[in-house]
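*Asks:* Contents of data_29.csv (CSV, C-alpha atoms (C1' of nucleotides)) are given next:
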```csv
chain,number,residue,atom,x,y,z
W,592,MET,CA,194.7,179.9,14.8
W,593,LYS,CA,193.6,177.0,16.9
W,594,ASP,CA,190.1,176.9,18.3
W,595,GLU,CA,191.4,177.5,21.9
W,596,GLN,CA,193.2,180.6,20.7
W,597,ILE,CA,190.2,181.8,18.8
W,598,GLU,CA,188.1,181.5,22.0
W,599,ALA,CA,190.7,183.4,24.0
W,600,VAL,CA,191.0,186.2,21.6
W,601,ALA,CA,187.2,186.4,21.2
W,602,LYS,CA,186.9,186.9,24.9
W,603,ILE,CA,189.5,189.7,24.9
W,604,LEU,CA,187.7,191.4,22.0
W,605,LYS,CA,184.4,191.1,23.7
W,606,SER,CA,185.7,192.8,26.8
W,607,MET,CA,187.0,195.6,24.7
W,608,SER,CA,183.9,196.0,22.6
W,609,HIS,CA,181.8,198.1,24.9
W,610,PRO,CA,182.1,201.8,24.2
W,611,ILE,CA,182.8,202.7,27.8
W,612,ARG,CA,185.5,200.1,28.1
W,613,LEU,CA,187.1,200.9,24.8
W,614,LYS,CA,187.1,204.6,25.8
W,615,ILE,CA,188.7,203.7,29.2
W,616,LEU,CA,191.4,201.8,27.3
W,617,CYS,CA,192.1,204.7,25.0
W,618,LEU,CA,192.3,207.0,28.0
W,619,LEU,CA,194.8,204.7,29.7
W,620,ARG,CA,196.9,204.5,26.5
W,621,ASP,CA,199.8,206.4,27.9
W,622,ARG,CA,199.0,207.2,31.5
W,623,GLU,CA,197.3,205.9,34.6
W,624,LEU,CA,194.0,207.3,35.9
W,625,SER,CA,191.9,207.0,39.0
W,626,VAL,CA,188.3,205.8,38.9
W,627,GLY,CA,187.2,209.3,39.5
W,628,ASP,CA,189.3,210.7,36.7
W,629,ILE,CA,187.8,208.1,34.3
W,630,ARG,CA,184.3,209.0,35.5
W,631,ASN,CA,184.9,212.6,34.6
W,632,GLU,CA,185.8,211.7,31.0
W,633,VAL,CA,183.1,209.1,30.6
W,634,GLU,CA,179.6,210.3,31.3
W,635,THR,CA,178.3,207.8,33.7
W,636,THR,CA,178.3,206.9,37.4
W,637,ASN,CA,181.2,205.8,39.6
W,638,ALA,CA,179.6,202.4,40.1
W,639,ASN,CA,179.3,201.8,36.4
W,640,VAL,CA,182.9,202.7,35.8
W,641,SER,CA,183.9,200.4,38.6
W,642,GLN,CA,182.0,197.6,37.1
W,643,HIS,CA,183.6,198.1,33.7
W,644,LEU,CA,187.0,198.3,35.3
W,645,ASN,CA,186.3,195.0,37.0
W,646,ILE,CA,185.6,193.3,33.7
W,647,LEU,CA,188.8,194.5,32.2
W,648,ARG,CA,190.7,193.4,35.4
W,649,ASN,CA,189.3,190.0,35.3
W,650,GLN,CA,190.3,189.7,31.7
W,651,GLY,CA,193.9,190.6,32.8
W,652,ILE,CA,193.9,193.7,30.6
W,653,ILE,CA,194.4,196.3,33.2
W,654,ASP,CA,196.1,196.5,36.6
W,655,PHE,CA,195.9,199.0,39.5
W,656,ARG,CA,197.7,200.4,42.4
W,657,LYS,CA,196.3,202.0,45.5
W,658,ASP,CA,197.4,205.3,46.9
W,659,ALA,CA,195.5,206.7,49.8
W,660,ASN,CA,191.9,206.2,48.9
W,661,PHE,CA,192.5,206.5,45.2
W,662,ILE,CA,192.9,203.6,42.9
W,663,TYR,CA,195.1,204.2,39.8
W,664,ASN,CA,194.5,202.0,36.8
W,665,ARG,CA,196.8,201.2,33.9
W,666,ILE,CA,197.0,198.8,31.0
W,667,SER,CA,199.0,195.8,32.1
W,668,ASP,CA,199.0,193.8,28.9
W,669,LYS,CA,201.5,195.1,26.3
W,670,ARG,CA,199.6,193.3,23.5
W,671,ILE,CA,196.5,195.2,24.3
W,672,LEU,CA,198.4,198.5,24.1
W,673,ASP,CA,199.8,197.4,20.7
W,674,LEU,CA,196.3,196.6,19.6
W,675,ILE,CA,194.9,199.9,20.7
W,676,LEU,CA,197.6,201.7,18.9
W,677,LYS,CA,197.0,199.7,15.7
W,678,MET,CA,193.2,200.4,15.9
W,679,GLN,CA,193.8,204.1,16.3
W,680,LYS,CA,196.1,204.1,13.3
W,681,LEU,CA,193.6,202.1,11.2
W,682,PHE,CA,190.4,203.8,12.2
W,683,CYS,CA,191.5,207.3,13.3
W,684,PRO,CA,194.5,208.0,11.1
W,685,GLU,CA,194.3,211.7,11.8
W,686,LEU,CA,195.6,211.1,15.3
W,687,GLY,CA,199.3,211.5,15.5
W,688,LYS,CA,200.8,208.1,16.0
I,1372,MET,CA,189.6,209.3,19.6
I,1373,LYS,CA,186.4,211.1,19.4
I,1374,ASP,CA,183.3,209.5,21.0
I,1375,GLU,CA,181.7,208.9,17.6
I,1376,GLN,CA,184.8,207.0,16.5
I,1377,ILE,CA,184.9,205.1,19.8
I,1378,GLU,CA,181.3,204.0,19.2
I,1379,ALA,CA,182.0,202.9,15.7
I,1380,VAL,CA,185.1,200.9,16.6
I,1381,ALA,CA,183.3,199.3,19.5
I,1382,LYS,CA,180.6,198.1,17.1
I,1383,ILE,CA,183.2,196.6,14.8
I,1384,LEU,CA,184.9,194.9,17.7
I,1385,LYS,CA,181.6,193.6,19.0
I,1386,SER,CA,180.8,192.0,15.7
I,1387,MET,CA,184.2,190.3,15.7
I,1388,SER,CA,184.1,189.2,19.3
I,1389,HIS,CA,182.0,186.0,18.8
I,1390,PRO,CA,184.1,182.9,18.5
I,1391,ILE,CA,182.3,181.7,15.4
I,1392,ARG,CA,182.6,185.1,13.7
I,1393,LEU,CA,186.2,185.5,14.6
I,1394,LYS,CA,186.9,182.1,13.2
I,1395,ILE,CA,185.1,182.9,10.0
I,1396,LEU,CA,187.3,186.0,9.7
I,1397,CYS,CA,190.4,184.0,10.2
I,1398,LEU,CA,189.3,181.5,7.6
I,1399,LEU,CA,188.6,184.3,5.2
I,1400,ARG,CA,192.0,185.8,5.8
I,1401,ASP,CA,193.4,185.0,2.4
I,1402,ARG,CA,190.7,183.3,0.4
I,1403,GLU,CA,187.0,183.3,-0.2
I,1404,LEU,CA,184.7,180.6,1.0
I,1405,SER,CA,181.1,179.5,0.5
I,1406,VAL,CA,178.6,179.2,3.4
I,1407,GLY,CA,178.9,175.4,3.1
I,1408,ASP,CA,182.7,175.6,3.2
I,1409,ILE,CA,182.5,177.6,6.4
I,1410,ARG,CA,180.0,175.3,7.9
I,1411,ASN,CA,182.4,172.4,7.4
I,1412,GLU,CA,185.1,174.2,9.3
I,1413,VAL,CA,182.9,175.6,12.1
I,1414,GLU,CA,180.9,172.9,13.8
I,1415,THR,CA,177.4,174.3,13.7
I,1416,THR,CA,174.4,174.5,11.4
I,1417,ASN,CA,174.0,176.3,8.1
I,1418,ALA,CA,171.4,178.6,9.5
I,1419,ASN,CA,173.8,179.6,12.3
I,1420,VAL,CA,176.6,180.4,9.9
I,1421,SER,CA,174.3,182.3,7.8
I,1422,GLN,CA,173.2,184.5,10.7
I,1423,HIS,CA,176.7,185.2,11.7
I,1424,LEU,CA,177.7,186.1,8.1
I,1425,ASN,CA,174.7,188.5,8.1
I,1426,ILE,CA,176.0,190.3,11.1
I,1427,LEU,CA,179.4,190.7,9.5
I,1428,ARG,CA,177.8,191.9,6.2
I,1429,ASN,CA,175.7,194.4,8.0
I,1430,GLN,CA,178.8,195.7,9.6
I,1431,GLY,CA,180.4,196.1,6.2
I,1432,ILE,CA,183.2,193.7,7.2
I,1433,ILE,CA,182.6,191.1,4.5
I,1434,ASP,CA,181.2,191.0,1.0
I,1435,PHE,CA,180.1,188.2,-1.2
I,1436,ARG,CA,179.6,187.2,-4.8
I,1437,LYS,CA,177.2,184.7,-6.2
I,1438,ASP,CA,178.2,181.8,-8.5
I,1439,ALA,CA,175.5,179.3,-9.4
I,1440,ASN,CA,173.8,178.4,-6.1
I,1441,PHE,CA,176.9,179.2,-4.0
I,1442,ILE,CA,177.7,182.4,-2.3
I,1443,TYR,CA,181.4,183.1,-1.9
I,1444,ASN,CA,182.3,185.4,1.0
I,1445,ARG,CA,185.4,187.5,1.5
I,1446,ILE,CA,186.7,190.2,3.7
I,1447,SER,CA,185.9,193.5,2.1
I,1448,ASP,CA,187.5,196.0,4.6
I,1449,LYS,CA,191.2,196.2,4.3
I,1450,ARG,CA,191.5,197.5,7.8
I,1451,ILE,CA,189.8,194.4,9.2
I,1452,LEU,CA,192.3,192.3,7.4
I,1453,ASP,CA,195.1,194.4,8.9
I,1454,LEU,CA,193.6,194.0,12.3
I,1455,ILE,CA,193.3,190.2,12.0
I,1456,LEU,CA,196.9,189.9,11.0
I,1457,LYS,CA,198.0,192.1,13.9
I,1458,MET,CA,196.0,190.0,16.3
I,1459,GLN,CA,197.5,186.8,15.0
I,1460,LYS,CA,200.9,188.3,15.4
I,1461,LEU,CA,200.2,189.4,18.9
I,1462,PHE,CA,198.3,186.4,20.2
I,1463,CYS,CA,199.6,183.6,18.1
I,1464,PRO,CA,203.1,184.5,17.3
I,1465,GLU,CA,204.0,180.9,16.4
I,1466,LEU,CA,202.0,181.3,13.2
I,1467,GLY,CA,204.1,182.3,10.2
I,1468,LYS,CA,203.4,185.9,9.3
E,284,DA,C1',157.8,172.3,-14.0
E,285,DT,C1',160.1,168.9,-10.4
E,286,DG,C1',163.7,167.6,-7.3
E,287,DG,C1',167.6,168.7,-4.8
E,288,DT,C1',170.9,171.7,-2.8
E,289,DA,C1',172.2,176.1,-0.8
E,290,DT,C1',171.0,180.0,1.5
E,291,DT,C1',168.1,183.2,4.2
E,292,DA,C1',164.3,184.8,7.3
E,293,DA,C1',161.3,184.5,11.3
E,294,DA,C1',160.1,183.2,15.8
E,295,DT,C1',160.9,181.0,20.1
E,296,DT,C1',163.5,180.2,24.1
E,297,DG,C1',167.2,180.7,27.3
E,298,DA,C1',171.2,183.1,28.7
E,299,DT,C1',174.0,187.0,29.2
E,300,DT,C1',174.7,191.9,29.8
E,301,DA,C1',174.1,196.8,31.2
E,302,DC,C1',172.5,200.3,34.1
E,303,DT,C1',170.6,202.2,38.3
E,304,DA,C1',170.2,202.9,43.1
E,305,DA,C1',171.4,201.5,47.6
E,306,DA,C1',174.3,199.6,51.0
E,307,DA,C1',179.1,198.4,52.3
E,308,DT,C1',184.3,199.1,52.7
E,309,DA,C1',188.3,201.7,53.3
E,310,DA,C1',191.3,205.3,54.0
E,311,DA,C1',192.0,210.1,54.9
E,312,DC,C1',191.1,214.4,57.7
E,313,DC,C1',189.3,217.2,61.5
Y,887,DG,C1',185.2,209.0,67.3
Y,888,DG,C1',182.7,211.0,63.4
Y,889,DT,C1',182.7,212.9,58.8
Y,890,DT,C1',184.1,213.1,54.1
Y,891,DT,C1',185.8,211.1,49.9
Y,892,DA,C1',186.8,207.3,46.8
Y,893,DT,C1',185.7,203.0,45.4
Y,894,DT,C1',183.3,198.5,45.4
Y,895,DT,C1',179.6,195.3,45.9
Y,896,DT,C1',174.9,193.8,45.7
Y,897,DA,C1',170.4,193.4,44.0
Y,898,DG,C1',166.9,194.2,40.8
Y,899,DT,C1',165.2,195.2,36.3
Y,900,DA,C1',165.4,196.0,31.5
Y,901,DA,C1',167.6,195.2,27.4
Y,902,DT,C1',170.2,192.6,24.3
Y,903,DC,C1',172.2,188.4,22.3
Y,904,DA,C1',172.8,183.5,20.8
Y,905,DA,C1',171.2,179.0,19.3
Y,906,DT,C1',167.6,176.2,17.6
Y,907,DT,C1',163.8,175.1,15.0
Y,908,DT,C1',160.9,175.9,11.3
Y,909,DA,C1',159.5,177.9,7.2
Y,910,DA,C1',160.7,180.3,3.1
Y,911,DT,C1',163.3,181.5,-1.0
Y,912,DA,C1',166.7,181.1,-4.8
Y,913,DC,C1',169.2,178.6,-8.1
Y,914,DC,C1',170.6,174.9,-11.0
Y,915,DA,C1',169.9,170.3,-13.4
Y,916,DT,C1',167.1,167.1,-15.4
```
Could you render the structure from this file as structure tokens?
*Replies:*
Amino acid sequence: MKDEQIEAVAKILKSMSHPIRLKILCLLRDRELSVGDIRNEVETTNANVSQHLNILRNQGIIDFRKDANFIYNRISDKRILDLILKMQKLFCPELGK
Amino acid sequence: MKDEQIEAVAKILKSMSHPIRLKILCLLRDRELSVGDIRNEVETTNANVSQHLNILRNQGIIDFRKDANFIYNRISDKRILDLILKMQKLFCPELGK
DNA sequence: ATGGTATTAAATTGATTACTAAAATAAACC
DNA sequence: GGTTTATTTTAGTAATCAATTTAATACCAT
């Protein structure tokens, strides 16, 4: 791996390495969810979820669409999806798939 | 994934998400290296390498053996090795393997 | 033991990050 | 228009992290 690539991957890992953000990514594994949906699963405030979503968006990991006054989020980078699946297999093998 | 597992995996990712530490893990992918060897590859001081190695050791990611006044480090967690390989495939596909 | 190399530990400093609460935006509904 | 709901932004504070310097320790060779 070249140093540039190392830097880039490290940034991605960093953005995934917060418990709330990792949980968000797991929740979005195979569906899209609104900010409020996520806040119900993660015990924190709306504003906090919004901030974490922003970090993931700026990193290009997730994308969103608007519908009425809801914002639905989903994972936009296939590689991140693969990585999440791999991590679940490695660290939580009891989960199907 | 249960919350406990999320926390644990997040901690692992966090310890991997620093450029120097990620580079160290890549260097150790298929061999063991001394602190001095690593310092030659990563442009920083001995003390800094040592601190980063310590973080990885405390996380249980790497292990070491002593030989004379050298300390040889290697990845001790097979899952981390798998994860590194997966990340290289995903983000640096031009690398063989 | 002494000198030299390799490694670790401690302490300081500066930078980054996370959370909270409050204010702002935006779109629906009555 | 005014209210409600959903989300975002801003500002402030506290906490954590990273790099450097300095001091300390461990090991080998002579």
*Asks:* Using all atoms listed in the file, find the residues of chain I whose closest atom to chain Y is at most 12 Å away, then write them as a VMD selection string.
*Replies:* chain I and resid 1385 to 1386 1389 to 1391 1415 to 1420 1422 to 1423 1426 1437 to 1442
*Asks:* Restricting the calculation to only C-alpha atoms, which member of I:Ile1451, I:Arg1445, I:Ile1432, I:Lys1382 is positioned closest to Val1406 in chain I?
*Replies:*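 Nearest to Val1406 in chain I: I:Arg1445.
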*Asks:* Just give me the gap between CA of Asp1453 in chain I and CA of Leu674 in chain W in Å, one decimal is fine.
*Replies:*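 That distance, rounded to one decimal, is 11.0 Å.
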*Asks:* Of the candidates W:Gly627, W:Pro684, W:Leu616, W:Arg622, which one gets nearest to Ile653 in chain W if we count only C-alpha atoms?
*Replies:* W:Leu616
*Asks:* CA of Tyr663 in chain W and CA of Ala1379 in chain I are how many Å apart?
*Replies:* 27.5 Å
*Asks:* For chain W against chain I, with a cut-off of 12 Å and counting only C-alpha atoms, what is the closest atom pair and its distance in Å to one decimal for every residue that makes the cut, ordered by chain and number, as a tab-separated table?
*Replies:*
```
residue	atom	partner	partner_atom	distance
W:Met592	CA	I:Cys1463	CA	7.0
W:Lys593	CA	I:Cys1463	CA	9.0
W:Asp594	CA	I:Lys1394	CA	8.0
W:Glu595	CA	I:Pro1390	CA	9.7
W:Gln596	CA	I:Cys1463	CA	7.5
W:Ile597	CA	I:Pro1390	CA	6.2
W:Glu598	CA	I:Pro1390	CA	5.5
W:Ala599	CA	I:Pro1390	CA	8.6
W:Val600	CA	I:Phe1462	CA	7.4
W:Ala601	CA	I:Ser1388	CA	4.6
W:Lys602	CA	I:Ser1388	CA	6.7
W:Ile603	CA	I:Ser1388	CA	7.8
W:Leu604	CA	I:Ser1388	CA	5.0
W:Lys605	CA	I:Ser1388	CA	4.8
W:Ser606	CA	I:Ser1388	CA	8.5
W:Met607	CA	I:Leu1384	CA	7.3
W:Ser608	CA	I:Ala1381	CA	4.6
W:His609	CA	I:Ala1381	CA	5.7
W:Pro610	CA	I:Ala1381	CA	5.5
W:Ile611	CA	I:Ile1377	CA	8.6
W:Arg612	CA	I:Ala1381	CA	8.9
W:Leu613	CA	I:Ala1381	CA	6.7
W:Lys614	CA	I:Ile1377	CA	6.4
W:Ile615	CA	I:Ile1377	CA	10.2
W:Leu616	CA	I:Ile1377	CA	10.5
W:Cys617	CA	I:Met1372	CA	7.5
W:Leu618	CA	I:Met1372	CA	9.1
W:Arg620	CA	I:Met1372	CA	11.1
W:Glu632	CA	I:Asp1374	CA	10.5
W:Val633	CA	I:Asp1374	CA	9.6
W:Glu634	CA	I:Asp1374	CA	11.0
W:Asp668	CA	I:Leu1461	CA	11.0
W:Lys669	CA	I:Leu1461	CA	9.4
W:Arg670	CA	I:Leu1461	CA	6.1
W:Ile671	CA	I:Leu1461	CA	8.7
W:Leu672	CA	I:Leu1461	CA	10.6
W:Asp673	CA	I:Leu1461	CA	8.2
W:Leu674	CA	I:Met1458	CA	7.4
W:Ile675	CA	I:Leu1454	CA	10.3
W:Leu676	CA	I:Lys1457	CA	10.8
W:Lys677	CA	I:Leu1454	CA	7.5
W:Met678	CA	I:Leu1454	CA	7.4
W:Gln679	CA	I:Met1372	CA	7.5
W:Lys680	CA	I:Arg1450	CA	9.7
W:Leu681	CA	I:Arg1450	CA	6.1
W:Phe682	CA	I:Val1380	CA	7.5
W:Cys683	CA	I:Met1372	CA	6.9
W:Pro684	CA	I:Met1372	CA	9.9
W:Glu685	CA	I:Met1372	CA	9.4
W:Leu686	CA	I:Met1372	CA	7.6
W:Gly687	CA	I:Met1372	CA	10.8
W:Lys688	CA	I:Met1372	CA	11.8
```
*Asks:* What are the closest atom pairs, with distances in Å to one decimal, for all residues of chain E lying within 10 Å of chain I? Consider only C-alpha atoms (C1' of nucleotides), order rows by chain and residue number, and present the result as JSON lines.
*Replies:*
```
{"residue": "E:DT288", "atom": "C1'", "partner": "I:Asn1440", "partner_atom": "CA", "distance": 8.0}
{"residue": "E:DA289", "atom": "C1'", "partner": "I:Asn1440", "partner_atom": "CA", "distance": 6.0}
{"residue": "E:DT290", "atom": "C1'", "partner": "I:Ser1421", "partner_atom": "CA", "distance": 7.5}
{"residue": "E:DT291", "atom": "C1'", "partner": "I:Ser1421", "partner_atom": "CA", "distance": 7.2}
{"residue": "E:DA292", "atom": "C1'", "partner": "I:Gln1422", "partner_atom": "CA", "distance": 9.5}
```
*Asks:* What does the structure give for the distance between CA of Asp621 in chain W and CA of Leu644 in chain W, in Å to one decimal?
*Replies:*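 Rounded to one decimal, the two atoms are 16.9 Å apart.
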*Asks:* Given the block above, output range 1382-1399 of chain I with N, CA and C atoms as a PDB file, in the first residue's frame.
*Replies:*
```pdb
ATOM      1  N   LYS I1382     -13.494  -0.027  19.115  1.00  0.00           N
ATOM      2  CA  LYS I1382     -12.181   0.176  19.736  1.00  0.00           C
ATOM      3  C   LYS I1382     -11.054  -0.365  18.860  1.00  0.00           C
ATOM      4  N   ILE I1383     -11.306  -1.515  18.294  1.00  0.00           N
ATOM      5  CA  ILE I1383     -10.295  -2.097  17.401  1.00  0.00           C
ATOM      6  C   ILE I1383     -10.062  -1.183  16.201  1.00  0.00           C
ATOM      7  N   LEU I1384     -11.146  -0.747  15.583  1.00  0.00           N
ATOM      8  CA  LEU I1384     -11.009   0.133  14.419  1.00  0.00           C
ATOM      9  C   LEU I1384     -10.269   1.408  14.779  1.00  0.00           C
ATOM     10  N   LYS I1385     -10.601   1.938  15.952  1.00  0.00           N
ATOM     11  CA  LYS I1385      -9.949   3.171  16.372  1.00  0.00           C
ATOM     12  C   LYS I1385      -8.438   2.978  16.479  1.00  0.00           C
ATOM     13  N   SER I1386      -8.055   1.844  17.025  1.00  0.00           N
ATOM     14  CA  SER I1386      -6.617   1.622  17.184  1.00  0.00           C
ATOM     15  C   SER I1386      -5.938   1.389  15.836  1.00  0.00           C
ATOM     16  N   MET I1387      -6.706   1.020  14.828  1.00  0.00           N
ATOM     17  CA  MET I1387      -6.130   0.819  13.498  1.00  0.00           C
ATOM     18  C   MET I1387      -6.198   2.076  12.647  1.00  0.00           C
ATOM     19  N   SER I1388      -6.871   3.101  13.121  1.00  0.00           N
ATOM     20  CA  SER I1388      -7.238   4.195  12.231  1.00  0.00           C
ATOM     21  C   SER I1388      -6.235   5.343  12.210  1.00  0.00           C
ATOM     22  N   HIS I1389      -5.104   5.142  12.820  1.00  0.00           N
ATOM     23  CA  HIS I1389      -4.050   6.156  12.711  1.00  0.00           C
ATOM     24  C   HIS I1389      -3.090   5.740  11.592  1.00  0.00           C
ATOM     25  N   PRO I1390      -2.731   6.691  10.723  1.00  0.00           N
ATOM     26  CA  PRO I1390      -1.911   6.337   9.566  1.00  0.00           C
ATOM     27  C   PRO I1390      -0.660   5.535   9.926  1.00  0.00           C
ATOM     28  N   ILE I1391       0.034   5.949  10.972  1.00  0.00           N
ATOM     29  CA  ILE I1391       1.249   5.219  11.349  1.00  0.00           C
ATOM     30  C   ILE I1391       0.912   3.801  11.795  1.00  0.00           C
ATOM     31  N   ARG I1392      -0.149   3.672  12.590  1.00  0.00           N
ATOM     32  CA  ARG I1392      -0.500   2.334  13.068  1.00  0.00           C
ATOM     33  C   ARG I1392      -0.993   1.451  11.929  1.00  0.00           C
ATOM     34  N   LEU I1393      -1.751   2.032  11.013  1.00  0.00           N
ATOM     35  CA  LEU I1393      -2.225   1.238   9.882  1.00  0.00           C
ATOM     36  C   LEU I1393      -1.044   0.789   9.028  1.00  0.00           C
ATOM     37  N   LYS I1394      -0.095   1.676   8.843  1.00  0.00           N
ATOM     38  CA  LYS I1394       1.087   1.311   8.066  1.00  0.00           C
ATOM     39  C   LYS I1394       1.877   0.202   8.762  1.00  0.00           C
ATOM     40  N   ILE I1395       2.010   0.314  10.064  1.00  0.00           N
ATOM     41  CA  ILE I1395       2.701  -0.737  10.818  1.00  0.00           C
ATOM     42  C   ILE I1395       2.025  -2.082  10.578  1.00  0.00           C
ATOM     43  N   LEU I1396       0.702  -2.086  10.641  1.00  0.00           N
ATOM     44  CA  LEU I1396      -0.024  -3.343  10.443  1.00  0.00           C
ATOM     45  C   LEU I1396       0.194  -3.884   9.037  1.00  0.00           C
ATOM     46  N   CYS I1397       0.221  -2.995   8.063  1.00  0.00           N
ATOM     47  CA  CYS I1397       0.484  -3.447   6.692  1.00  0.00           C
ATOM     48  C   CYS I1397       1.882  -4.022   6.572  1.00  0.00           C
ATOM     49  N   LEU I1398       2.850  -3.363   7.206  1.00  0.00           N
ATOM     50  CA  LEU I1398       4.230  -3.851   7.161  1.00  0.00           C
ATOM     51  C   LEU I1398       4.347  -5.226   7.804  1.00  0.00           C
ATOM     52  N   LEU I1399       3.539  -5.427   8.843  1.00  0.00           N
ATOM     53  CA  LEU I1399       3.611  -6.700   9.575  1.00  0.00           C
ATOM     54  C   LEU I1399       2.718  -7.771   8.956  1.00  0.00           C
TER      55      LEU I1399
END
```
